[in-house]
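Everything on this sheet refers to the single structure shown next.
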Amino acid sequence: MRSKLQTLLMACGLLLAPAAPAADTLTLENAAAVFSNAKAGDNCASLLLDGWRVALLSHNGREIGAAIIMEQENAEEHEHDLQETISRIAKLAGMSTPEALNFEETEQESALLVDQDVLSELADETDHVFDGSPLAALAYLLNEEYFCINGIRPNGFIHWKTIKKSGVELLMPMAEKKLSAIEVTGRQQMNDFASEVLADKLGLGKNTVPPASRKALCPQLRCTQVPYMNAKSNILLARTDRRAVIGKRQTAARLLANRDEGALPEADEESTWPADEEEAAEEPTPEPEKEEEPLTPEAAREAYIKYVQSL
């Protein structure tokens, strides 16, 4: 499993030196303590660092298996560039096999940093795209080798394209505790056949609901067509004239109504790196020297006599 993931990531990514586990390794649980202005989500924590929007991602609420780094809009010059920021996060999170995909051809630079060991383990445990966290879904899609990552949207959605250029693209939200819906984009029209092919590539079951029953769901879902539905898993594909979503019934309806459903939370204020906080700590203020009290005439005379005698 690992060789597939590693090949796909290294094809357009950057292999980083393994990070030595730190004594105080960053986890999702302690992110708020390490970064005072972190904003927590279900399986993520968002930060603003040096003009970079950083989202720490976990599959279990503790271990950080990936991070999304996006340049903040209208950010001024960074003290640390994208590559330096990637390396610092990998080290702080104690990633054993960090690898990064950089996307620099957009207006704002962005990158996806992953711990290869975490993804490999998740790929072995995940049977379909809705079998766990967004991080597990990411590992599943990479391992199946039908889709490849094309970029990151400003709301934190991962943009996927098919390797075979079939015209099917996906926008996958990363903020939910468990992934349950994905937007389907691209040139391919999602009719019954195309929907069932897509469902197969996502590890889902076949279309089990007849057309009439699927059509009856359209008013409830506020869509024009339901070309695919598997009753056993309660997963369907619903589409309007402009958009299509595949996933669990209720979540798919919410994402179809709001394209930012499942977007990453955004931190409101900048955080500082833990090391920077130590460096910025003020030096202890030295105590002011005590002023000597003036000598009395007798004491001054005695001091003068001692001085003369010492000559």
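Convention: chains lettered A, B, ... in structure tokens order; per-chain residue numbering from 1; ligands numbered from 1 as shown.
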_Taking 3 positions as the minimum chain separation for residues in the same chain, which residues sit within 8 Å of Asn155 in chain A when counting only C-alpha atoms? Answer as a PyMOL selection string._
chain A and resi 260+263-264
How would the residues just picked look written out with all heavy atoms as a PDB file, in the first residue's frame?
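Generated output (out.pdb):
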ATOM      1  N   ASP A 260     -20.036  25.810   0.727  1.00  0.00           N
ATOM      2  CA  ASP A 260     -19.015  25.913   1.767  1.00  0.00           C
ATOM      3  C   ASP A 260     -19.302  25.022   2.966  1.00  0.00           C
ATOM      4  O   ASP A 260     -18.628  25.119   3.996  1.00  0.00           O
ATOM      5  CB  ASP A 260     -18.875  27.367   2.235  1.00  0.00           C
ATOM      6  CG  ASP A 260     -18.143  28.233   1.226  1.00  0.00           C
ATOM      7  OD1 ASP A 260     -17.232  27.703   0.552  1.00  0.00           O
ATOM      8  OD2 ASP A 260     -18.481  29.418   1.086  1.00  0.00           O
ATOM      9  N   ALA A 263     -16.411  23.596   5.193  1.00  0.00           N
ATOM     10  CA  ALA A 263     -15.196  24.397   4.981  1.00  0.00           C
ATOM     11  C   ALA A 263     -14.380  24.466   6.262  1.00  0.00           C
ATOM     12  O   ALA A 263     -14.924  24.376   7.373  1.00  0.00           O
ATOM     13  CB  ALA A 263     -15.568  25.808   4.527  1.00  0.00           C
ATOM     14  N   LEU A 264     -13.079  24.620   6.114  1.00  0.00           N
ATOM     15  CA  LEU A 264     -12.206  24.716   7.280  1.00  0.00           C
ATOM     16  C   LEU A 264     -12.494  25.996   8.053  1.00  0.00           C
ATOM     17  O   LEU A 264     -12.722  27.049   7.456  1.00  0.00           O
ATOM     18  CB  LEU A 264     -10.737  24.705   6.839  1.00  0.00           C
ATOM     19  CG  LEU A 264     -10.200  23.385   6.292  1.00  0.00           C
ATOM     20  CD1 LEU A 264      -8.816  23.593   5.695  1.00  0.00           C
ATOM     21  CD2 LEU A 264     -10.142  22.319   7.394  1.00  0.00           C
TER      22      LEU A 264
END
*From range 32-239 of chain A, collect each residue whose DSSP state is strand (DSSP E) and return the set as a ChimeraX atom specification.*
/A:39-40,44-49,52-58,64-71,98-103,110-115,147-152,158-162,168-172,181-186,225-230,235-239
*asked:* Could you list, as an MDAnalysis selection string, every residue within 9 Å of Thr224 in chain A, counting only C-alpha atoms and ignoring same-chain residues fewer than 2 positions away?
replied: chainID A and resid 215 218:219 221:222 226 238:241
*Please provide the set of residues having any atom within 6 Å of range 248-250 of chain A, restricted to only C-alpha atoms, with same-chain residues fewer than 5 positions apart removed, written as a PyMOL selection string.*
chain A and resi 180+234-235
Atoms to include: all heavy atoms. Write the selected residues as a PDB file, in the first residue's frame.
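This is the output file again_36.pdb:
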ATOM      1  N   SER A 180     -18.808  12.751   4.697  1.00  0.00           N
ATOM      2  CA  SER A 180     -20.062  12.130   4.281  1.00  0.00           C
ATOM      3  C   SER A 180     -20.644  12.738   3.004  1.00  0.00           C
ATOM      4  O   SER A 180     -21.738  12.358   2.589  1.00  0.00           O
ATOM      5  CB  SER A 180     -21.102  12.217   5.411  1.00  0.00           C
ATOM      6  OG  SER A 180     -21.234  13.530   5.880  1.00  0.00           O
ATOM      7  N   ASN A 234     -27.385   4.169   2.088  1.00  0.00           N
ATOM      8  CA  ASN A 234     -28.037   5.479   2.121  1.00  0.00           C
ATOM      9  C   ASN A 234     -27.167   6.562   1.483  1.00  0.00           C
ATOM     10  O   ASN A 234     -27.128   7.707   1.935  1.00  0.00           O
ATOM     11  CB  ASN A 234     -28.404   5.883   3.552  1.00  0.00           C
ATOM     12  CG  ASN A 234     -29.393   7.036   3.592  1.00  0.00           C
ATOM     13  OD1 ASN A 234     -30.220   7.194   2.688  1.00  0.00           O
ATOM     14  ND2 ASN A 234     -29.308   7.860   4.622  1.00  0.00           N
ATOM     15  N   ILE A 235     -26.456   6.190   0.425  1.00  0.00           N
ATOM     16  CA  ILE A 235     -25.613   7.130  -0.317  1.00  0.00           C
ATOM     17  C   ILE A 235     -26.248   7.379  -1.682  1.00  0.00           C
ATOM     18  O   ILE A 235     -26.710   6.452  -2.342  1.00  0.00           O
ATOM     19  CB  ILE A 235     -24.183   6.585  -0.468  1.00  0.00           C
ATOM     20  CG1 ILE A 235     -23.486   6.579   0.891  1.00  0.00           C
ATOM     21  CG2 ILE A 235     -23.377   7.410  -1.470  1.00  0.00           C
ATOM     22  CD1 ILE A 235     -22.130   5.929   0.899  1.00  0.00           C
TER      23      ILE A 235
END
*Who sits within 12 Å of Glu77 in chain A, only C-alpha atoms, same chain under 6 positions skipped, as a list in words*: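 So the residues in contact are Asp50, Gly51, Trp52 and Glu71 of chain A.
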*Extract, using only C-alpha atoms, all DNA, RNA and protein residues at most 12 Å from Asp200 in chain A, discarding same-chain residues fewer than 6 positions from it, and format them as a list of chain:residue names.*
A:Asp127, A:His128, A:Val129, A:Leu141, A:Glu144, A:Tyr146, A:Phe193, A:Ala194, A:Lys206, A:Asn207, A:Tyr228, A:Asn230
Pull N, CA, C and O atoms from the residues just selected and write them as a PDB file, in the first residue's frame.
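part.pdb, written as the output of this step:
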ATOM      1  N   ASP A 127     -12.221   1.138   3.443  1.00  0.00           N
ATOM      2  CA  ASP A 127     -12.820   0.359   2.354  1.00  0.00           C
ATOM      3  C   ASP A 127     -13.492   1.213   1.290  1.00  0.00           C
ATOM      4  O   ASP A 127     -13.688   0.771   0.164  1.00  0.00           O
ATOM      5  N   HIS A 128     -13.887   2.432   1.644  1.00  0.00           N
ATOM      6  CA  HIS A 128     -14.488   3.328   0.661  1.00  0.00           C
ATOM      7  C   HIS A 128     -14.311   4.761   1.133  1.00  0.00           C
ATOM      8  O   HIS A 128     -13.854   5.011   2.252  1.00  0.00           O
ATOM      9  N   VAL A 129     -14.679   5.706   0.289  1.00  0.00           N
ATOM     10  CA  VAL A 129     -14.345   7.100   0.545  1.00  0.00           C
ATOM     11  C   VAL A 129     -15.099   7.688   1.737  1.00  0.00           C
ATOM     12  O   VAL A 129     -14.645   8.654   2.349  1.00  0.00           O
ATOM     13  N   LEU A 141      -8.335   7.580  -1.738  1.00  0.00           N
ATOM     14  CA  LEU A 141      -8.302   8.023  -3.129  1.00  0.00           C
ATOM     15  C   LEU A 141      -6.890   7.963  -3.707  1.00  0.00           C
ATOM     16  O   LEU A 141      -6.705   7.583  -4.876  1.00  0.00           O
ATOM     17  N   GLU A 144      -6.078   4.290  -4.450  1.00  0.00           N
ATOM     18  CA  GLU A 144      -6.808   3.684  -5.561  1.00  0.00           C
ATOM     19  C   GLU A 144      -6.279   4.143  -6.914  1.00  0.00           C
ATOM     20  O   GLU A 144      -6.556   3.535  -7.946  1.00  0.00           O
ATOM     21  N   TYR A 146      -7.024   6.448  -9.028  1.00  0.00           N
ATOM     22  CA  TYR A 146      -7.906   6.905 -10.098  1.00  0.00           C
ATOM     23  C   TYR A 146      -7.969   8.434 -10.137  1.00  0.00           C
ATOM     24  O   TYR A 146      -8.129   9.034 -11.191  1.00  0.00           O
ATOM     25  N   PHE A 193     -25.368   6.272 -15.830  1.00  0.00           N
ATOM     26  CA  PHE A 193     -24.180   5.460 -16.075  1.00  0.00           C
ATOM     27  C   PHE A 193     -22.937   6.090 -15.447  1.00  0.00           C
ATOM     28  O   PHE A 193     -22.176   5.428 -14.724  1.00  0.00           O
ATOM     29  N   ALA A 194     -22.726   7.378 -15.710  1.00  0.00           N
ATOM     30  CA  ALA A 194     -21.537   8.055 -15.181  1.00  0.00           C
ATOM     31  C   ALA A 194     -21.548   8.068 -13.659  1.00  0.00           C
ATOM     32  O   ALA A 194     -20.500   7.922 -13.008  1.00  0.00           O
ATOM     33  N   LYS A 206     -23.515  -0.477  -5.920  1.00  0.00           N
ATOM     34  CA  LYS A 206     -24.207  -0.222  -7.179  1.00  0.00           C
ATOM     35  C   LYS A 206     -25.513   0.544  -6.949  1.00  0.00           C
ATOM     36  O   LYS A 206     -25.979   0.685  -5.814  1.00  0.00           O
ATOM     37  N   ASN A 207     -26.069   1.020  -8.028  1.00  0.00           N
ATOM     38  CA  ASN A 207     -27.362   1.705  -7.991  1.00  0.00           C
ATOM     39  C   ASN A 207     -28.443   0.672  -7.687  1.00  0.00           C
ATOM     40  O   ASN A 207     -28.652  -0.263  -8.461  1.00  0.00           O
ATOM     41  N   TYR A 228     -28.231   8.348  -9.034  1.00  0.00           N
ATOM     42  CA  TYR A 228     -27.639   7.181  -8.352  1.00  0.00           C
ATOM     43  C   TYR A 228     -28.093   7.161  -6.901  1.00  0.00           C
ATOM     44  O   TYR A 228     -28.160   8.208  -6.239  1.00  0.00           O
ATOM     45  N   ASN A 230     -27.818   4.131  -3.480  1.00  0.00           N
ATOM     46  CA  ASN A 230     -27.675   2.799  -2.909  1.00  0.00           C
ATOM     47  C   ASN A 230     -28.431   2.797  -1.585  1.00  0.00           C
ATOM     48  O   ASN A 230     -28.047   3.487  -0.641  1.00  0.00           O
TER      49      ASN A 230
END
*When you draw a straight line from CA of Ala267 in chain A to CA of Leu101 in chain A, how long is it in Å?*
22.9 Å
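Within the 9 Å cut-off around Leu138 in chain A, using only C-alpha atoms and omitting residues fewer than 5 positions from it on the same chain, the listed residues are Leu119, Ala123, Val129, Ser133, Asn143, Ile158 and Met172 of chain A.
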*asked:* Using DSSP assignments from the backbone, pull out every residue in range 163-296 of chain A that falls under helix (DSSP H, G or I) and give it to me as a VMD selection string.
replied: chain A and resid 192 to 201 211 to 216 218 to 221 249 to 257 274 to 280
Emit the selected residues as a compact mmCIF listing (two decimals), in the first residue's frame, including C-alpha atoms.
# COMPACT_ATOMS: atom_id res chain seq x y z
CA ASP A 192 -27.14 7.23 -14.45
CA PHE A 193 -24.18 5.46 -16.07
CA ALA A 194 -21.54 8.06 -15.18
CA SER A 195 -22.84 8.24 -11.60
CA GLU A 196 -22.56 4.51 -11.10
CA VAL A 197 -19.04 4.46 -12.55
CA LEU A 198 -18.04 7.25 -10.16
CA ALA A 199 -19.63 5.42 -7.22
CA ASP A 200 -17.56 2.35 -8.11
CA LYS A 201 -14.34 4.39 -8.19
CA PRO A 211 -35.74 5.64 -11.29
CA ALA A 212 -39.26 6.40 -10.07
CA SER A 213 -38.26 6.17 -6.41
CA ARG A 214 -35.21 8.32 -7.02
CA LYS A 215 -37.28 10.93 -8.82
CA ALA A 216 -39.66 11.13 -5.85
CA CYS A 218 -35.98 15.36 -5.77
CA PRO A 219 -38.41 17.77 -4.05
CA GLN A 220 -37.03 16.80 -0.60
CA LEU A 221 -33.43 17.28 -1.72
CA ARG A 249 -28.52 11.83 2.03
CA GLN A 250 -28.71 14.67 4.60
CA THR A 251 -25.13 15.88 4.21
CA ALA A 252 -25.36 15.77 0.42
CA ALA A 253 -28.47 17.96 0.56
CA ARG A 254 -26.69 20.50 2.80
CA LEU A 255 -23.62 20.63 0.56
CA LEU A 256 -25.83 20.97 -2.51
CA ALA A 257 -27.50 23.99 -0.89
CA PRO A 274 6.53 28.22 20.19
CA ALA A 275 10.26 28.80 19.63
CA ASP A 276 9.59 32.41 18.68
CA GLU A 277 7.69 32.92 21.91
CA GLU A 278 10.72 31.76 23.88
CA GLU A 279 13.01 34.05 21.93
CA ALA A 280 10.62 36.94 22.37
*Kindly indicate which residue among A:His78, A:Gly151, A:Gly203, A:Glu183 lies nearest to Asn258 in chain A, using only C-alpha atoms for the distances.*
A:Glu183
